[in-house]
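Source file: query15.txt. Holds: compact mmCIF, C-alpha atoms.
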```txt
# COMPACT_ATOMS: atom_id res chain seq x y z
CA MET A 24 44.33 -12.75 12.03
CA HIS A 25 42.98 -10.68 9.15
CA PRO A 26 42.57 -7.01 10.17
CA ASP A 27 38.95 -6.97 9.00
CA HIS A 28 38.05 -10.31 10.55
CA ASP A 29 35.85 -8.87 13.32
CA LEU A 30 34.05 -6.49 11.00
CA ILE A 31 33.35 -9.27 8.51
CA SER A 32 32.12 -11.58 11.27
CA ARG A 33 29.71 -8.98 12.55
CA CYS A 34 28.47 -8.26 9.04
CA LEU A 35 27.95 -11.97 8.49
CA ASN A 36 25.75 -11.88 11.61
CA HIS A 37 23.72 -9.15 9.87
CA GLU A 38 24.50 -6.51 12.49
CA ARG A 39 23.22 -3.27 11.03
CA ALA A 40 25.75 -1.03 12.75
CA SER A 41 28.64 -3.10 11.43
CA GLU A 42 27.18 -3.19 7.96
CA LYS A 43 27.03 0.59 8.01
CA ILE A 44 30.66 0.82 9.19
CA PHE A 45 31.64 -1.56 6.40
CA TYR A 46 29.69 0.48 3.85
CA GLU A 47 31.10 3.81 5.03
CA LYS A 48 34.62 2.41 4.91
CA PHE A 49 34.47 1.38 1.26
CA ALA A 50 31.65 3.41 -0.30
CA PRO A 51 33.60 6.57 -1.28
CA VAL A 52 36.26 4.67 -3.25
CA MET A 53 33.70 2.32 -4.79
CA TYR A 54 31.46 5.20 -5.74
CA GLY A 55 34.48 6.74 -7.52
CA ILE A 56 34.83 3.53 -9.50
CA CYS A 57 31.13 3.38 -10.28
CA LEU A 58 31.20 6.95 -11.57
CA ARG A 59 33.80 5.93 -14.15
CA TYR A 60 31.67 3.09 -15.48
CA ALA A 61 28.32 4.87 -15.38
CA ILE A 62 26.92 7.55 -17.64
CA ASP A 63 25.88 9.73 -14.72
CA GLU A 64 25.60 9.86 -10.94
CA THR A 65 22.19 8.21 -10.86
CA GLU A 66 23.46 5.18 -12.72
CA ALA A 67 26.59 5.13 -10.55
CA GLN A 68 24.47 5.08 -7.40
CA GLU A 69 22.44 2.21 -8.81
CA ILE A 70 25.59 0.23 -9.58
CA LEU A 71 26.97 1.00 -6.12
CA GLN A 72 23.81 -0.19 -4.44
CA ILE A 73 23.60 -3.41 -6.44
CA GLY A 74 27.33 -3.96 -5.92
CA PHE A 75 27.08 -3.65 -2.15
CA ILE A 76 24.10 -5.98 -2.02
CA TYR A 77 26.25 -8.47 -3.88
CA VAL A 78 29.15 -7.78 -1.49
CA PHE A 79 27.06 -8.37 1.64
CA CYS A 80 25.34 -11.43 0.19
CA ASN A 81 28.64 -13.01 -0.83
CA LEU A 82 30.83 -11.87 2.04
CA HIS A 83 31.07 -15.47 3.28
CA GLN A 84 33.04 -16.22 0.10
CA PHE A 85 35.89 -13.92 1.14
CA ARG A 86 38.80 -16.25 1.95
CA PHE A 87 40.95 -13.83 3.99
CA ASP A 88 43.83 -14.45 1.62
CA GLY A 89 43.96 -10.90 0.26
CA THR A 90 42.88 -7.42 1.17
CA LEU A 91 39.22 -6.84 1.78
CA ASP A 92 39.18 -3.62 -0.23
CA GLY A 93 40.65 -5.52 -3.20
CA TRP A 94 37.87 -8.10 -2.96
CA VAL A 95 35.17 -5.41 -2.62
CA LYS A 96 36.66 -3.47 -5.55
CA LYS A 97 36.69 -6.59 -7.69
CA THR A 98 33.05 -7.27 -6.80
CA ILE A 99 31.99 -3.72 -7.57
CA ILE A 100 33.80 -3.73 -10.93
CA HIS A 101 32.18 -7.07 -11.73
CA THR A 102 28.78 -5.55 -10.91
CA ALA A 103 29.54 -2.51 -13.05
CA LEU A 104 30.53 -4.71 -15.98
CA ASN A 105 27.35 -6.74 -15.70
CA PHE A 106 25.36 -3.54 -15.53
CA CYS A 107 27.08 -2.11 -18.58
CA LYS A 108 26.80 -5.33 -20.55
CA LYS A 109 23.07 -4.90 -20.64
CA ASN A 110 23.47 -1.78 -22.77
CA ALA A 111 26.82 -2.36 -24.36
CA LYS A 112 27.68 -3.15 -27.94
CA PHE A 113 31.12 -4.60 -27.27
CA ARG A 114 31.26 -6.52 -30.49
CA GLN A 115 31.71 -3.53 -32.72
CA ASP A 116 35.07 -4.15 -34.32
CA ILE A 117 36.62 -0.91 -35.40
CA SER A 118 39.75 -0.97 -37.52
CA ILE A 119 42.86 0.67 -36.18
CA ASN A 120 44.12 2.68 -39.06
CA ASP A 121 44.70 6.18 -37.86
CA MET A 122 46.69 7.10 -34.79
CA ASP A 123 47.70 10.56 -35.97
CA ASP A 124 45.48 12.27 -33.43
CA VAL A 125 47.35 10.64 -30.58
CA ALA A 126 50.70 11.68 -31.98
CA THR A 127 49.79 15.31 -32.43
CA PHE A 128 48.10 15.79 -29.10
CA SER A 129 49.64 18.29 -26.73
CA GLU A 130 50.34 16.93 -23.25
CA ASP A 131 50.01 20.41 -21.76
CA ALA A 132 46.27 20.25 -22.19
CA LEU A 133 46.15 17.26 -19.85
CA SER A 134 47.97 18.98 -17.02
CA ILE A 135 45.29 21.62 -16.48
CA ILE A 136 42.22 19.46 -16.85
CA SER A 137 40.18 18.77 -13.70
CA VAL A 138 38.90 15.49 -12.32
CA LYS A 139 35.35 16.58 -13.01
CA GLU A 140 36.17 17.23 -16.65
CA LEU A 141 37.95 13.91 -17.02
CA LEU A 142 34.97 12.17 -15.50
CA ALA A 143 32.63 13.99 -17.87
CA ILE A 144 34.76 12.90 -20.85
CA LEU A 145 34.64 9.29 -19.65
CA GLN A 146 30.90 9.37 -19.08
CA ASP A 147 30.32 10.81 -22.55
CA LEU A 148 31.95 7.80 -24.16
CA ALA A 149 29.79 5.00 -25.54
CA VAL A 150 29.44 2.24 -23.00
CA GLY A 151 31.70 -0.21 -24.86
CA TYR A 152 34.55 2.30 -25.17
CA ARG A 153 34.09 3.47 -21.61
CA VAL A 154 34.30 -0.01 -20.13
CA VAL A 155 37.31 -1.10 -22.15
CA PHE A 156 39.12 2.17 -21.45
CA ASN A 157 38.46 1.84 -17.72
CA LEU A 158 39.64 -1.75 -17.60
CA ALA A 159 42.72 -1.22 -19.73
CA GLU A 160 43.94 2.24 -18.85
CA ILE A 161 42.85 2.67 -15.24
CA GLU A 162 42.48 -0.82 -13.77
CA GLY A 163 45.48 -2.06 -15.74
CA PHE A 164 44.03 -5.23 -17.23
CA GLY A 165 45.53 -6.68 -20.40
CA HIS A 166 43.47 -7.08 -23.57
CA LYS A 167 43.41 -10.84 -23.13
CA GLU A 168 41.85 -10.48 -19.67
CA ILE A 169 39.41 -7.82 -20.87
CA ALA A 170 38.36 -10.00 -23.78
CA ALA A 171 37.67 -12.86 -21.37
CA MET A 172 35.79 -10.64 -18.92
CA LEU A 173 33.57 -9.11 -21.56
CA GLY A 174 33.28 -12.13 -23.80
CA ILE A 175 34.75 -10.36 -26.82
CA ALA A 176 37.69 -10.90 -29.13
CA GLU A 177 41.06 -9.53 -28.09
CA GLY A 178 41.17 -7.48 -31.30
CA THR A 179 37.83 -5.97 -30.45
CA SER A 180 39.15 -4.91 -27.06
CA LYS A 181 42.14 -3.25 -28.72
CA SER A 182 40.05 -1.46 -31.29
CA GLN A 183 37.57 -0.29 -28.66
CA LEU A 184 40.42 1.14 -26.61
CA CYS A 185 41.93 2.84 -29.62
CA ARG A 186 38.63 4.36 -30.59
CA ALA A 187 38.01 5.47 -27.01
CA LYS A 188 41.38 7.22 -26.90
CA ARG A 189 40.73 8.98 -30.17
CA LEU A 190 37.41 10.23 -28.89
CA ILE A 191 39.00 11.37 -25.62
CA ILE A 192 41.73 13.23 -27.48
CA LYS A 193 39.18 14.82 -29.75
CA ARG A 194 37.26 16.00 -26.76
CA LEU A 195 40.42 17.26 -25.03
CA LYS A 196 41.28 19.26 -28.12
CA GLU A 197 37.81 20.79 -28.17
CA MET A 198 38.17 21.75 -24.55
CA GLU A 199 41.60 23.24 -25.20
CA THR A 200 40.20 25.28 -28.07
CA GLU A 201 37.37 26.54 -25.90
CA ARG A 202 39.86 27.58 -23.23
CA LEU A 203 42.00 29.43 -25.75
CA LYS A 204 38.96 31.29 -27.05
CA LYS A 205 38.06 32.36 -23.54
CA THR A 206 41.57 33.63 -22.77
CA GLU A 207 41.68 35.63 -26.01
CA MET B 4 61.26 0.98 -20.11
CA GLU B 5 58.56 1.99 -22.55
CA ASP B 6 57.08 5.49 -22.05
CA GLN B 7 53.56 5.47 -20.64
CA ASP B 8 50.82 6.86 -22.85
CA PRO B 9 50.05 10.40 -21.53
CA ILE B 10 46.31 9.73 -21.63
CA GLU B 11 46.72 6.54 -19.65
CA LYS B 12 49.11 8.26 -17.26
CA LYS B 13 46.74 11.14 -16.64
CA PHE B 14 43.64 9.00 -16.15
CA ARG B 15 45.40 6.44 -13.98
CA SER B 16 47.00 9.02 -11.73
CA THR B 17 43.76 10.92 -11.42
CA PHE B 18 41.50 8.00 -10.70
CA SER B 19 43.80 5.66 -8.80
CA ASP B 20 42.84 7.22 -5.50
CA PHE B 21 39.68 8.98 -6.61
CA LYS B 22 36.89 8.83 -4.08
CA LYS B 23 33.59 10.58 -3.58
CA ASP B 24 30.94 10.25 -0.91
CA PRO B 25 27.74 8.79 -2.31
CA PRO B 26 24.45 10.39 -1.24
CA ALA B 27 22.82 9.08 1.93
CA SER B 28 19.93 7.68 -0.08
CA VAL B 29 22.18 4.87 -1.37
CA TRP B 30 22.75 3.52 2.15
CA GLU B 31 19.07 3.98 3.02
CA ASN B 32 18.01 1.96 -0.03
CA LEU B 33 20.70 -0.59 0.63
CA GLU B 34 19.66 -1.00 4.26
CA ARG B 35 16.07 -1.47 3.14
CA GLU B 36 17.18 -4.18 0.73
CA LEU B 37 19.31 -5.93 3.35
CA HIS B 38 16.74 -5.71 6.13
CA PRO B 39 13.31 -5.59 4.52
CA GLN B 40 10.48 -4.60 6.85
CA PRO B 41 7.61 -7.05 7.14
CA LYS B 42 4.75 -5.72 5.07
CA THR B 43 1.84 -4.39 7.06
CA VAL B 44 -1.31 -5.68 5.47
CA ASN B 45 -4.08 -3.16 5.42
CA PHE B 46 -7.22 -5.13 6.22
CA TRP B 47 -9.51 -2.82 4.31
CA ALA B 48 -7.14 -2.63 1.34
CA ARG B 49 -7.17 -6.42 1.20
CA MET B 50 -10.94 -6.62 1.55
CA THR B 51 -11.66 -4.00 -1.08
CA GLY B 52 -8.77 -4.84 -3.39
CA ASP B 53 -7.87 -1.17 -3.43
CA PRO B 54 -4.18 -0.73 -2.51
CA VAL B 55 -4.63 2.91 -1.51
CA PHE B 56 -7.81 2.38 0.43
CA GLN B 57 -8.28 5.13 2.98
CA GLU B 58 -8.86 3.24 6.20
CA ARG B 59 -9.14 6.42 8.24
CA GLN B 60 -11.85 7.70 5.92
CA LEU B 61 -13.84 4.47 6.27
CA LYS B 62 -13.58 4.66 10.03
CA ARG B 63 -15.00 8.17 9.84
CA TYR B 64 -17.91 6.93 7.73
CA LEU B 65 -18.54 4.06 10.13
CA ALA B 66 -18.51 6.43 13.09
CA VAL B 67 -21.04 8.75 11.42
CA ALA B 68 -23.23 5.79 10.44
CA GLY B 69 -23.03 4.44 14.01
CA VAL B 70 -24.13 7.75 15.47
CA ALA B 71 -26.97 7.98 12.94
CA ILE B 72 -28.18 4.47 13.79
CA PHE B 73 -27.98 5.22 17.50
CA LEU B 74 -30.00 8.41 17.06
CA PHE B 75 -32.60 6.58 14.95
CA LEU B 76 -32.98 3.84 17.55
CA ALA B 77 -33.22 6.44 20.32
CA VAL B 78 -35.98 8.28 18.46
CA VAL B 79 -37.87 5.04 17.84
CA TYR B 80 -37.48 4.05 21.48
CA PHE B 81 -38.71 7.35 22.89
CA ALA B 82 -41.50 7.61 20.33
CA THR B 83 -42.87 4.21 21.28
CA SER B 84 -42.03 4.16 24.98
CA ASP B 85 -45.46 5.57 26.06
CA ARG B 86 -47.35 3.04 23.97
CA HIS B 87 -49.00 -0.02 25.41
CA THR B 88 -50.55 -3.33 24.63
CA VAL B 89 -54.17 -4.37 24.85
CA ARG B 90 -54.66 -8.09 24.98
CA GLY B 91 -57.12 -10.63 26.24
CA GLN B 92 -59.35 -13.58 25.43
CA ALA B 93 -62.72 -13.79 23.74
CA TYR B 94 -65.26 -16.28 25.07
CA ALA B 95 -68.36 -17.80 23.62
CA GLY B 96 -70.13 -19.07 26.69
CA GLU B 97 -67.64 -21.07 28.72
CA ALA B 98 -65.46 -21.87 25.72
CA ARG B 99 -62.93 -19.67 24.11
CA LEU B 100 -63.90 -18.19 20.79
CA CYS B 101 -62.23 -19.99 17.92
CA ARG B 102 -61.40 -17.38 15.31
CA GLY B 103 -62.94 -14.01 14.88
CA THR B 104 -62.09 -10.35 14.72
CA ALA B 105 -61.21 -7.86 17.44
CA VAL B 106 -61.68 -4.20 16.60
CA LEU B 107 -60.44 -1.27 18.65
CA PHE B 108 -62.23 2.10 18.40
CA ARG B 109 -60.91 5.35 19.79
CA ILE B 110 -63.15 7.81 21.57
CA GLU B 111 -62.47 11.51 21.74
CA ASP B 112 -65.59 12.40 23.72
CA LYS B 113 -65.41 13.20 27.41
CA GLY B 114 -68.64 11.39 28.16
CA LYS B 115 -71.53 9.46 26.70
CA PRO B 116 -73.06 9.49 24.16
CA TRP B 117 -70.07 8.65 21.99
CA ASP B 118 -70.18 10.91 18.97
CA SER B 119 -66.64 10.64 17.82
CA VAL B 120 -65.95 6.93 17.63
CA THR B 121 -63.23 6.19 15.09
CA HIS B 122 -61.84 2.88 13.99
CA TYR B 123 -58.35 2.57 15.40
CA ARG B 124 -57.10 -0.96 14.63
CA SER B 125 -58.23 -4.51 13.92
CA ALA B 126 -56.69 -7.83 14.95
CA MET B 127 -57.40 -11.47 14.32
CA ILE B 128 -58.48 -13.77 17.13
CA ASP B 129 -56.56 -17.04 17.10
CA ASP B 130 -57.85 -20.58 17.65
CA ASN B 131 -57.47 -20.17 21.40
CA GLY B 132 -59.48 -16.99 21.54
CA ASN B 133 -56.48 -14.72 22.07
CA TYR B 134 -56.12 -11.27 20.56
CA LYS B 135 -53.49 -8.61 20.91
CA PHE B 136 -53.02 -4.95 19.95
CA SER B 137 -49.48 -3.63 20.32
CA GLY B 138 -48.13 -0.08 20.30
CA ILE B 139 -51.39 1.54 21.29
CA GLU B 140 -51.07 5.17 22.28
CA PRO B 141 -52.72 6.41 25.49
CA GLY B 142 -56.42 7.20 25.22
CA ILE B 143 -59.93 5.90 25.67
CA TYR B 144 -61.01 2.91 23.57
CA LEU B 145 -63.92 0.67 22.85
CA LEU B 146 -63.37 -2.97 22.02
CA ARG B 147 -65.67 -5.05 19.81
CA ILE B 148 -65.34 -8.79 19.26
CA ALA B 149 -67.09 -10.54 16.36
CA PRO B 150 -67.08 -14.29 15.63
CA GLU B 151 -66.29 -15.48 12.12
CA SER B 152 -69.49 -14.89 10.18
CA SER B 153 -69.57 -18.34 8.59
CA SER B 154 -68.93 -20.19 11.84
CA GLU B 155 -71.48 -22.03 13.97
CA ILE B 156 -70.70 -19.67 16.84
CA ALA B 157 -71.88 -16.71 14.76
CA LYS B 158 -75.29 -18.33 14.59
CA LYS B 159 -75.51 -18.53 18.38
CA TYR B 160 -73.63 -15.44 19.53
CA LEU B 161 -73.78 -11.76 18.69
CA PRO B 162 -70.79 -9.53 18.10
CA SER B 163 -70.20 -7.99 21.51
CA TRP B 164 -68.51 -5.03 23.14
CA PHE B 165 -66.15 -5.16 26.10
CA ASP B 166 -66.79 -6.73 28.40
CA GLU B 167 -70.20 -8.23 27.60
CA HIS B 168 -72.41 -5.62 25.97
CA GLU B 169 -74.56 -5.50 22.91
CA SER B 170 -74.03 -1.82 22.02
CA PRO B 171 -71.16 0.66 22.38
CA ASP B 172 -73.27 2.97 24.45
CA SER B 173 -73.50 0.41 27.20
CA SER B 174 -69.95 -0.88 26.74
CA HIS B 175 -67.19 -0.42 29.25
CA VAL B 176 -64.34 1.70 28.00
CA ILE B 177 -60.68 0.80 28.08
CA ILE B 178 -58.62 3.64 29.51
CA LEU B 179 -55.03 3.34 28.46
CA ASN B 180 -52.47 5.65 30.06
CA ALA B 181 -49.67 4.10 32.09
CA GLU B 182 -49.71 0.36 31.64
CA ASP B 183 -50.85 -2.52 29.47
CA ILE B 184 -54.44 -3.68 29.67
CA HIS B 185 -55.87 -7.18 29.81
CA ALA B 186 -59.46 -7.20 28.64
CA ASP B 187 -61.56 -10.36 28.20
CA VAL B 188 -64.78 -10.19 26.20
CA HIS B 189 -67.76 -12.51 26.46
CA LEU B 190 -70.00 -12.82 23.46
CA ILE B 191 -73.69 -12.41 24.09
CA ASN B 192 -75.82 -15.41 23.38
CA LYS B 193 -78.59 -14.68 20.93
CA GLY B 194 -80.96 -16.77 22.94
CA GLU B 195 -80.52 -14.73 26.12
```
Show me this structure written as structure tokens.
Amino acid sequence: MHPDHDLISRCLNHERASEKIFYEKFAPVMYGICLRYAIDETEAQEILQIGFIYVFCNLHQFRFDGTLDGWVKKTIIHTALNFCKKNAKFRQDISINDMDDVATFSEDALSIISVKELLAILQDLAVGYRVVFNLAEIEGFGHKEIAAMLGIAEGTSKSQLCRAKRLIIKRLKEMETERLKKTE
Amino acid sequence: MEDQDPIEKKFRSTFSDFKKDPPASVWENLERELHPQPKTVNFWARMTGDPVFQERQLKRYLAVAGVAIFLFLAVVYFATSDRHTVRGQAYAGEARLCRGTAVLFRIEDKGKPWDSVTHYRSAMIDDNGNYKFSGIEPGIYLLRIAPESSSEIAKKYLPSWFDEHESPDSSHVIILNAEDIHADVHLINKGE
């Protein structure tokens, strides 16, 4: 029997206590995901709330053939994508012609950067870059999958990712410079 | 194996197990969405079309108005409780007088002759000879009955004072203090 079978059954019976247990079990991780796709905490909370409504309303579709957290994560990411699509301009095709910034970037700067700073860098990105970067670099999807998920060309996905990386590196460099100034 | 991009490596390692507790308000809103409360319909809001109608305030107004109405009715009741009715029938011979006027005069004098006779109220006599004065305050009164001047009865009978007198000086008085009075009047025949 699936380890979450009882919990799911009780949630399907709309038992409030079980729904809360379910929510508390997955909410911290899912909120972490939402924060990466949102521009700020308020938007992340909105995505989380909509995502969990979708989770509870579609829980009967869970087939017990995988992990529950994987299914919930997939649902939350799907919700985040739909949320971002409303504001996104995914179809901007930016040419990949300059990767020098990536080559010259110092890896040392990355080792001292905090989670909060990384999150701030992500949230500062334009929605299209942010979504593609999340899907490609953190979730591990290929450009073909991302293109299908977002309804864009594969080349667009690649260019968005490239542009996102360049912007991240630029921001990392700025932060490194600021740090150096402070230490001097 | 191809080296992993340092940016990708950093972000993936950082966020692969990243978690943060959302604020309690998310669950509260979520719970409200999952288990919506039945809406309580404010009767007065629905009646007035004002969604923020202050029902408590209206109840206060109604309570004040109720007290005011009660006080008003109490005042009216006590103000009229010592008032009485004077009623009776007017006769022309054996028959009842058909239409005429009944007039009530108030007397302030303690004894005859009546110097301070003042008109108090008039009433119509109906086809059956009935008259009625309501809400009369306690006092001493004279009652005069007159047939309709154009009627045949007026040619035969004189206007008369209670209970069958030609002048007020000889009339009986109606003393009104504790109860209603029934006073019949007989018109005086001109031929008598």
Kindly determine which residues of chain B lie within 7 Å of chain A, considering all atoms listed in the file, and give the answer as a list in words.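 In the required form, that comes to Pro9, Glu11, Lys13, Phe14, Arg15, Thr17, Phe21, Lys22, Lys23, Asp24, Pro25, Val29 and Leu33 of chain B.
Take CA of Tyr152 (chain A) and CA of Leu195 (chain A): the distance between them is 16.1 Å.
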Just the residues within 8 Å of Asn192 (chain B), please, counting all atoms listed in the file, with nothing from its chain fewer than 3 positions along; format it as a short mmCIF file (atom, residue, chain, number, x, y, z; two decimals) with C-alpha atoms, in the coordinates of the input.
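Output saved as around-v7.cif:
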```
data_model
loop_
_atom_site.label_atom_id
_atom_site.label_comp_id
_atom_site.auth_asym_id
_atom_site.auth_seq_id
_atom_site.Cartn_x
_atom_site.Cartn_y
_atom_site.Cartn_z
CA ALA B 95 -68.36 -17.80 23.62
CA GLY B 96 -70.13 -19.07 26.69
CA LYS B 159 -75.51 -18.53 18.38
CA TYR B 160 -73.63 -15.44 19.53
CA LEU B 161 -73.78 -11.76 18.69
CA GLU B 195 -80.52 -14.73 26.12
#
```
Write out as a list in words which residues come within 12 Å of Asp27 (chain A) when counting only C-alpha atoms, dropping same-chain ones fewer than 4 positions away. Ile31, Ser32, Arg33, Cys34, Ser41, Ile44, Phe45, Lys48, Leu82, Phe85, Arg86, Phe87, Asp88, Gly89, Thr90, Leu91 and Asp92 of chain A
Need the neighbours of (-66.1, -12.7, 22.1): which residues are at most 7 Å away, counting only C-alpha atoms, as number ranges by chain? B: 93-95, 100, 148-150, 162-163, 188-190
Need to verify the contact set: Asp129 (chain B), 12 Å, only C-alpha atoms, exclusion of same-chain residues closer than 4 positions in sequence. Can you return it as a list in words?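 Skipping anything fewer than 4 positions along the chain leaves Gly91, Gln92, Ala93, Tyr94, Arg99, Leu100, Cys101, Arg102, Gly103, Thr104, Ala105, Asn133, Tyr134, Lys135, Pro150 and Glu151 of chain B.
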Polymer residues at most 10 Å from His101 (chain A), all atoms listed in the file, same-chain spacing of 5 or more positions, as a list of chain:residue names: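 The residues that qualify are A:Gly74, A:Tyr77, A:Val95, A:Lys96, A:Phe106, A:Cys107, A:Met172.
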CA of Val120 (chain B) and CA of Tyr144 (chain B), how far apart in Å? 8.7 Å
Can you measure CA of Leu179 (chain B) to CA of Pro141 (chain B) for me? One decimal in Å is fine. 4.9 Å
With all atoms listed in the file as the atoms that count, which of A:Glu207, A:Asp147, A:Glu199, A:Glu168 lies nearest to Asp63 (chain A)? A:Asp147
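Using all atoms listed in the file for every distance, the candidate list A:Gln84, A:Thr98, A:Arg153, A:Leu148 yields A:Arg153 as the residue closest to Tyr60 (chain A).
The shortest atom-to-atom distance to Ala82 (chain B), with only C-alpha atoms taken into account, belongs to B:Glu140 out of B:Glu140, B:Glu36, B:Glu182, B:Asp172.
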Given the point (39.7, -3.7, -25.3) in the coordinates of this file, which residues lie within 12 Å, counting only C-alpha atoms, and how would they look as a PyMOL selection string? chain A and resi 113-117+151-160+163-188
